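Have a look at the structure below before the remarks.
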Amino acid sequence: MYEKYDILHQRTCVETPQQNVVGERKHQHIMNVTCSLLFQSGLSKIYWSYVASHVTHLINRLPSKILKGKSPYEMLYCQPPTYLNLKTFGCLCFASTLENNRSKLVPRSRKSVFIGYKTGIKGYVLLDVKNREIFINEKMLSFMKIFFLTI
Amino acid sequence: MPKLIDDSSCKLIFSHKSCQIQDNTTFKTIGQADLHGGLYCLHDPVNIHEEKYLMNCNVLNSKEYDIDLWHFRLGHPSKHVVEQVCKTFPYVNSSFDKMCDICHLAKHHKLPFQISNIVSLNTFDLIHTDIWGPIAISSIHGHKYFLIIVDDCSRHSWIFLMKTKGETRNLLHNFIILVKN
């Protein structure tokens, strides 16, 4: 597979993670931030995958010392990232329900918490507080200082 | 000492500054030990003809063993510690500068890793990948591992959640195709 793409595959020796320092250091960084966000949001541990994905999203957009204050995102796409659509992880959101299957007397929104972004879709991944359903919604009202699950 | 007397049937005569070793039957002096800082140090045996004395004396007297002996007695301390002991206790005369096999077997350290100074000029010249996991609590969708790919130049990282390690191949393959395009 590597020959096909002209790739030199370098491997580490057994039990020497030091040789893969960049990868291992990134793990540590991701897991540190994952823990903070998990505790901040009060979510159950089984949602760690969403936290880790969100953390990677954040780390890629944060300035790094090794890149002389630039963010990885900027290095790759040659344009600075935007922080305008960032939401705090695990914050309380009210997502509007779809209009076509809504009658007049049903709730107009779903109480949920924000758990990440979805690549390729302009929307947010949300977790319904009541029935623990994970869904994607674009239109929502977020209260970034309220972590519903920790209350 | 009782062993020495038992084995070689000799007499030990202790005096102010030295100790003489006499044969029990012939009353010949077969060895002398002088007092040095609280210890009797045996001289080179001069009057010994019999082999059994030689054997006993060799162990006590051989200068080669003396060097390591204190190093052994003190429980294989480092050269620095031995020197310190030599300074404070003058009767410890060890010049420990030999290679000790046991020390190497018992106290071998990992050698430090050199910091890599590889700098890639373009994005995707060099990527670092690593699999993390397995985690005790699998995620809500059953993921236990994640594959992390870090581009060396931009340090942009991608995370791919995996249920088994076997998915790595496909994920990498897809990633390479993505990058090529």
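Chain labels A, B, ... are given in the sequence in which chains occur in the structure tokens; within each chain residues are numbered consecutively from 1, and ligands are likewise numbered from 1 in the order shown.
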Q.
Taking only C-alpha atoms into account, find every residue of chain B that has an atom no more than 8 Å from chain A, and write it out as number ranges by chain.
A. B: 113, 123, 128-130, 132, 137-140, 143, 148-150, 153-159, 161, 173
Ala95 (chain A) environment, 12 Å, only C-alpha atoms, sequence neighbours closer than 5 positions dropped, as a compact mmCIF listing (two decimals) with C-alpha atoms, in the first residue's frame:
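The new file around-v1.txt reads:
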```
# COMPACT_ATOMS: atom_id res chain seq x y z
CA PRO A 107 -42.94 22.06 21.93
CA ARG A 108 -41.13 24.33 19.54
CA SER A 109 -37.71 23.34 20.72
CA ARG A 110 -35.77 20.52 22.26
CA LYS A 111 -33.71 20.97 25.38
CA SER A 112 -30.26 19.64 24.61
CA VAL A 113 -26.56 20.05 25.17
CA PHE A 114 -23.91 20.90 22.60
CA GLY A 123 -24.64 22.35 12.02
CA TYR A 124 -24.07 21.31 15.56
CA VAL A 125 -24.21 17.88 17.09
CA LEU A 126 -26.59 17.97 20.01
CA LEU A 127 -27.60 15.54 22.69
CA ASP A 128 -31.22 15.55 23.75
CA VAL A 129 -31.42 15.86 27.49
CA ILE A 134 -27.94 12.51 19.35
CA PHE A 135 -29.04 14.73 16.50
CA ILE A 136 -27.73 17.46 14.27
CA ASN A 137 -29.33 20.86 14.17
CA GLU A 138 -28.38 24.17 12.74
CA LYS A 139 -30.84 26.51 14.37
CA MET A 140 -30.49 26.67 18.09
CA LEU A 141 -30.30 29.04 20.97
CA SER A 142 -27.32 28.38 23.18
CA PHE A 143 -26.63 29.42 26.74
```
Q) If you run DSSP on the backbone, which residues of region 72-103 of chain B are alpha helix (DSSP H), as a PyMOL selection string? A) chain B and resi 72-73+79-88+101-103
Q: Kindly give the distance, in Å, that separates CA of Cys41 (chain B) and CA of Asp6 (chain B), rounded to a single decimal.
A: 19.8 Å
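For the pair CA of His16 (chain B) and CA of Trp70 (chain B), the interatomic distance is 26.0 Å.
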Q) Between CA of Glu3 (chain A) and CA of Asn117 (chain B), what is the distance, to one decimal in Å? A)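 We find that CA of Glu3 (chain A) and CA of Asn117 (chain B) lie 26.0 Å from each other.
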Q: Write out as a PyMOL selection string the residues lying within 6 Å of Met144 (chain A), counting only C-alpha atoms and excluding same-chain residues fewer than 2 positions away.
A: chain A and resi 88+91+142+146
(Q) Please determine, counting only C-alpha atoms, which residue among A:Gly69, A:Lys122, A:His9, A:Thr150 has the shortest atom-to-atom distance to Leu172 (chain B). (A)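 Comparing A:Gly69, A:Lys122, A:His9, A:Thr150 against Leu172 (chain B), the winner is A:His9.
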Q) Hey, what's within 8 Å of Leu126 (chain B) if we count only C-alpha atoms and toss same-chain stuff fewer than 5 positions away? As number ranges by chain, please? A) B: 120, 151-153
Q: Between A:Thr34, A:Gln40, A:Asn131, A:Asn100, single out the one closest to Phe148 (chain A), counting only C-alpha atoms.
A: A:Gln40
Q: Determine which residues of region 35-135 of chain A receive a DSSP assignment of strand (DSSP E or B), computed from the backbone, and state them as a PyMOL selection string.
A: chain A and resi 92-96+109-118+121-128+134-135
